[in-house]
Structures are given as structure tokens and as C-alpha cells.
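> Structure provided below as C-alpha cells; questions to follow.
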Amino acid sequence: MLCHTDYSEETLQALHTRLNPDKTVAIIDSNLRDGQRALLEPIFRVVPENRRLYLTGGEEVKSLGLVKEIALWLNRCRVTRHSLIYVVGGGSLLDFCGFVAAIYKRGVPIAYVPTTLMAMVDAAYGGKTAINTDDIKNLLGVFQEPNAILLDERFLTTLSDREILSGYAEVLKYALLEDDQFFAKVLTTDPLNNGMGLRELIDQCVTIKKRFVEADPYDLGIRQYLNLGHTVGHALEGFSHTLEPLRHPALRHGEAVMIGIIVELYISHKLLGFPLERMHQIVDFAKEFFSPYFFECKQYNDIINLMLQDKKNSGDDIAIIALRRIGEPMKINASRVQLRNAFDFYREVIGG
Ligand SMILES: NC(=O)c1ccc[n+]([C@@H]2O[C@H](COP(=O)([O-])OP(=O)(O)OC[C@H]3O[C@@H](n4cnc5c(N)ncnc54)[C@H](O)[C@@H]3O)[C@@H](O)[C@H]2O)c1
């Protein structure tokens with residue numbers, strides 16, 4: 001798995017020397033346009049203004065309609081298989097542009113500059129690209145590693161607390177897959193301390209991800225453990241988008257994963273004896289940093305039905321990643337009753 005190098009004039013030059021692109025284009029999250037002008041300068045120096053495109057990150061970007069629009073824009077820019085696409089943005093832009101770059105003319109080199117914590121700890125690495133279809137997360141996608149990942153945590157200075165916390169849910173996931181020591185470090189670091197201390201956590205998460213991805217690049221075995229919290233999380237995220245205009249704002253990816261972690265660890269506790277003390281530490285952490293998400297018993301079936309779409313499933317069983325204890329993941333099947341009980345638990349302890 002490709003890891004990051006620091007984002008700087010020098011690393012961009014080195015990348016150009018290595019790839020010798022006939023042309024460069026950049027797709028940049030429009031929320032960076034004003035607040036991060038200075039940090040964007042190195043990109044501006046290698047990509048002319050008429051080949052820069054601004055898109056606003058978010059789940060809506062990961063759509064089939066936009067694939068066509070961007071492919072046509074790349075074509076108007078005369079992008080060839082020897083060009084280089086820069087993507088500067090969060091996980092949604094990386095997932096989407098990675099997908100387009102993989103299928104445009106059967107593959108164009110791409111460099112990721114992740115700008116959210118979620119993208120820095122997770123989305124930029126491992127070569128998964130995807131777009132959504134209706135409420136189904138990541139229904140279409142291909143594996144395609146980028147040619148470079150250029151990291152600068154100063155991008156985080158303009159990110160909202162809500163987005164930092166969304167990324168921090170993935171950091172917690174990595175800690176749960178790793179060991180008690182990393183778990184303790186994650187729980188005692190203040191995620192909202194202006195990015196202080198986050199670089200060390202980012203590097204540690206990437207090291208953990210690399211281990212899983214290299215052992216199982218195509219997600220057929222142990223890489224699926226990185227999906228802890230995601231069977232439930234993806235379903236809730238999709239579900240929240242269906243309700244968005246009617247009720248409260250849709251869940252951010254990491255917010256949904258945080259709920260997924262609680263639900264899946266409750267099942268882990270019931271079926272595998274995951275320690276209650278750890279469970280409570282995680283619930284306390286969630287209560288301190290995340291707003292409760294309100295849903296009702298009568299909606300459980302809709303959420304569970306979305307879980308049937310999960311790529312880990314085979315047949316009609318719903319596969320989740322469970323933990324016997326921190327650092328000991330395994331894939332198990334969860335029944336509807338177990339999932340319903342775990343939703344009850346979430347609503348009881350978090351107040352949703
Ligand atoms: N491919 C993978 O392995 C992988 C892993 C984890 C998550 N993901 C995907 O990542 C997506 C979520 O990504 P995300 O959490 O990064 O959110 P995002 O890309 O939707 O960005 C969140 C918001 O932050 C804004 N933003 C981005 N960078 C900013 C900055 N530096 N300052 C201010 N605002 C900024 C965006 O415009 C957007 O409004 C989901 O679609 C998820 O499925 C993919």
C-alpha cells in the first residue's frame with residue numbers, strides 16, 4: 001500500500017520528475033478556495049488556472065451523473081493517459097475522483113492531497129474508490145491505488161469540529177483493532193486541540209491500515225476487519241440521507257461509524273464477551289464528543305434492510321466485524337434480533 005510523503009514544492013517537483021506528465025489538472029474542494037489559498041499555491045504553480053475545477057465535497061459528489069460531467073471536462077482539458085490529476089479534498093472527493101481517474105480512458109495517474117482527518121487517516125490509502133447509488137453507499141467502485149499521497153496536516157486548521165470528530169471515529173476504530181496502549185492514547189488525546197498531536201495518530205493509523213491492506217489487498221479476508229463499525233455505520237448513513245429533509249441533518253460518515261462501533265461492540269459483548277468496562281469507556285467518549293442520533297423502533301427494519309447490501313455478506317446473513325477484546329477482531333453473522341437489541345442499547349445509553 002502506498003503511504004504519504006509530505007506535501008511541499010519539492011515533493012511535487014519529485015513527482016513530476018518521476019511521472020513526467022504531459023498535462024496536469026486539479027480538482028479541488030471548493031471549501032478550500034478561500035481559507036487555504038496559501039497552502040494551495042504549490043498546486044497552483046504546477047496546474048494552470050484553466051485546468052482547475054472546484055467541487056464541494058460531500059456524499060452528493062459521489063454520483064454517477066457527476067462521473068459523466070467530470071469525464072467530459074477531463075476530455076475538454078485533453079487529459080490523456082500520460083497526464084496527472086491532482087485531487088485536493090476530503091474522502092468524498094478522493095473516492096469520487098479516484099473512481100473517475102480509474103475508468104477515464106482506462107486509467108490516468110492521480111495524486112491525492114487529503115484535507116480532512118477522515119481522508120488523512122483512512123480514505124486516501126488502500127486504493128478503494130467508489131460512488132453511491134441512491135441510498136446505497138459505495139455500490140460502484142474499483143480498486144485503484146493513487147500514484148502519490150501528499151500530506152499536510154495544516155489543511156485541518158480550517159476543518160470544522162464536526163468534521164474533525166467524524167475523522168476521529170475512524171482513529172478510534174484503528175485503536176480498537178490495534179491494542180490497549182493505542183486505545184488509551186486515542187481516548188486521552190483531545191481531538192479538538194487545533195490539530196495538536198494528530199499527526200502522530202495519523203501516522204499510526206496509516207501504519208495499521210497498511211498492515212491489513214498488504215495482507216489482503218482485495219478485501220477478501222482480514223482487510224474486512226477495517227470495516228469495524230461500518231456494516232451498521234454505512235446503513236445508518238444511507239438511512240439518515242433518506243430522512244435528511246424531513247428531520248435533522250444527515251449523519252457524517254464518521255458519526256455513523258461511531259454509532260456502528262457501539263452497536264457492533266454491544267453484539268461483541270453479548271456473543272464474544274467483549275469487556276463491559278471497555279464498552280463503557282467507548283460510550284462515555286461518544287457521549288462527550290458526538291450528538292445522539294434519534295431513530296425509532298419502527299425504523300429498525302429499514303436500517304437492517306440497508307445492511308443486507310453490505311459487501312461483506314454472503315447469502316442472507318448480515319456480517320459484522322466483532323471484537324473478542326481490543327486487537328482481536330473477527331467476522332461474525334448477526335441476527336435481526338441481535339441487531340435490534342443492540343439498537344435498543346445505543347438508544348438507551350446515548351439517549352437517541
Ligand atoms: N476509500 C476509502 O477507503 C474510504 C475510507 C473512509 C472513508 N471513505 C469515504 O470518505 C467519505 C467521507 O469523507 P470526509 O469525511 O473526508 O468528508 P467529505 O469529503 O465529505 O468532506 C467533508 C466536508 O469538509 C469540507 N472540507 C474538506 N476539507 C476541508 C478543509 N481542510 N477545511 C474546511 N473544509 C473542508 C468539504 O467541502 C465537506 O463539506 C465518505 O464517502 C466515505 O465513504 C472512503
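Each chain of the C-alpha cells is named A, B, ... in the order shown, its residues numbered from 1; ligands are numbered from 1 in display order.
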Tyr168 (chain A): which residues within 10 Å, counting only C-alpha atoms, same-chain residues fewer than 5 positions away excluded, as number ranges by chain?

A: 117-118, 121, 162-163, 173-174, 186, 191-192, 198, 201-202, 254-255, 258, 289

> Residues near region 294-297 of chain A, anyone? I mean within 12 Å using only C-alpha atoms, not counting same-chain ones fewer than 5 positions away, as a list in words.

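Answer for this query is Leu236, Phe239, Ser240, Leu243, Arg247, His248, Pro249, Ala250, Leu251, Ala256, Ile259, Asp302, Ile303, Ile304, Leu339, Arg340, Asn341, Ala342, Phe343, Asp344, Phe345, Tyr346, Arg347, Glu348, Ile350, Gly351 and Gly352 of chain A.
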
> Mind listing the helix (DSSP H, G or I) residues of region 18-130 of chain A, per DSSP on the backbone, as number ranges by chain?

A: 18-19, 30-32, 37-46, 49-51, 59-61, 64-76, 91-106, 117-123

> Write out as a PyMOL selection string each polymer residue whose atoms come within 10 Å of Ile149 (chain A), counting only C-alpha atoms; drop sequence neighbours fewer than 5 positions from it.

chain A and resi 2-7+86-87+110-114+120+124-125

> Using DSSP on the backbone coordinates, identify the residues of region 56-285 of chain A assigned to strand (DSSP E); present them as a PyMOL selection string.

chain A and resi 84-89+110-114+131-133+136-140+148-151

> May I ask which of the residues A:Asp316, A:Asp22, A:Glu10, A:Asp219 is the closest one to ligand 1, counting only C-alpha atoms and all ligand atoms?

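Closest to ligand 1, using only C-alpha atoms and all ligand atoms: A:Asp219.
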
> Can you work out the spacing between CA of Thr157 (chain A) and CA of Phe96 (chain A) in Å, to one decimal?

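We find that CA of Thr157 (chain A) and CA of Phe96 (chain A) lie 23.6 Å from each other.
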
> Write out as a list in words the residues lying within 12 Å of Ile70 (chain A), counting only C-alpha atoms and excluding same-chain residues fewer than 4 positions away.

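Using only C-alpha atoms, the neighbours found are Val25, Ala26, Ile27, Arg51, Arg52, Leu53, Tyr54, Leu55, Val61, Lys62, Ser63, Leu64, Gly65, Leu66, Leu74, Asn75, Arg76, Cys77, Val79, Ile85, Leu93, Phe96, Cys97, Gly98, Phe99, Val100, Ala101, Ile103 and Tyr104 of chain A.
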
> Let me make sure I understand: among A:Ala322, A:Leu165, A:His269, A:Asn193, which one has the smallest atom-to-atom distance to Ser291 (chain A) if we use only C-alpha atoms?

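Distance minimum relative to Ser291 (chain A) lands on A:Leu165.
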
> Which distance in Å separates atom 42 (C, counted along the ligand's line) of ligand 1 and CA of Gly91 (chain A), to one decimal?

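Value for the atom 42 (C, counted along the ligand's line) of ligand 1-CA of Gly91 (chain A) distance: 5.6 Å.
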
> Restricting the calculation to only C-alpha atoms: of A:Ile28, A:Leu140, A:Ile131, A:Leu272, which residue gets closest to Leu40 (chain A)?

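Between A:Ile28, A:Leu140, A:Ile131, A:Leu272, the residue approaching Leu40 (chain A) most closely is A:Ile28.
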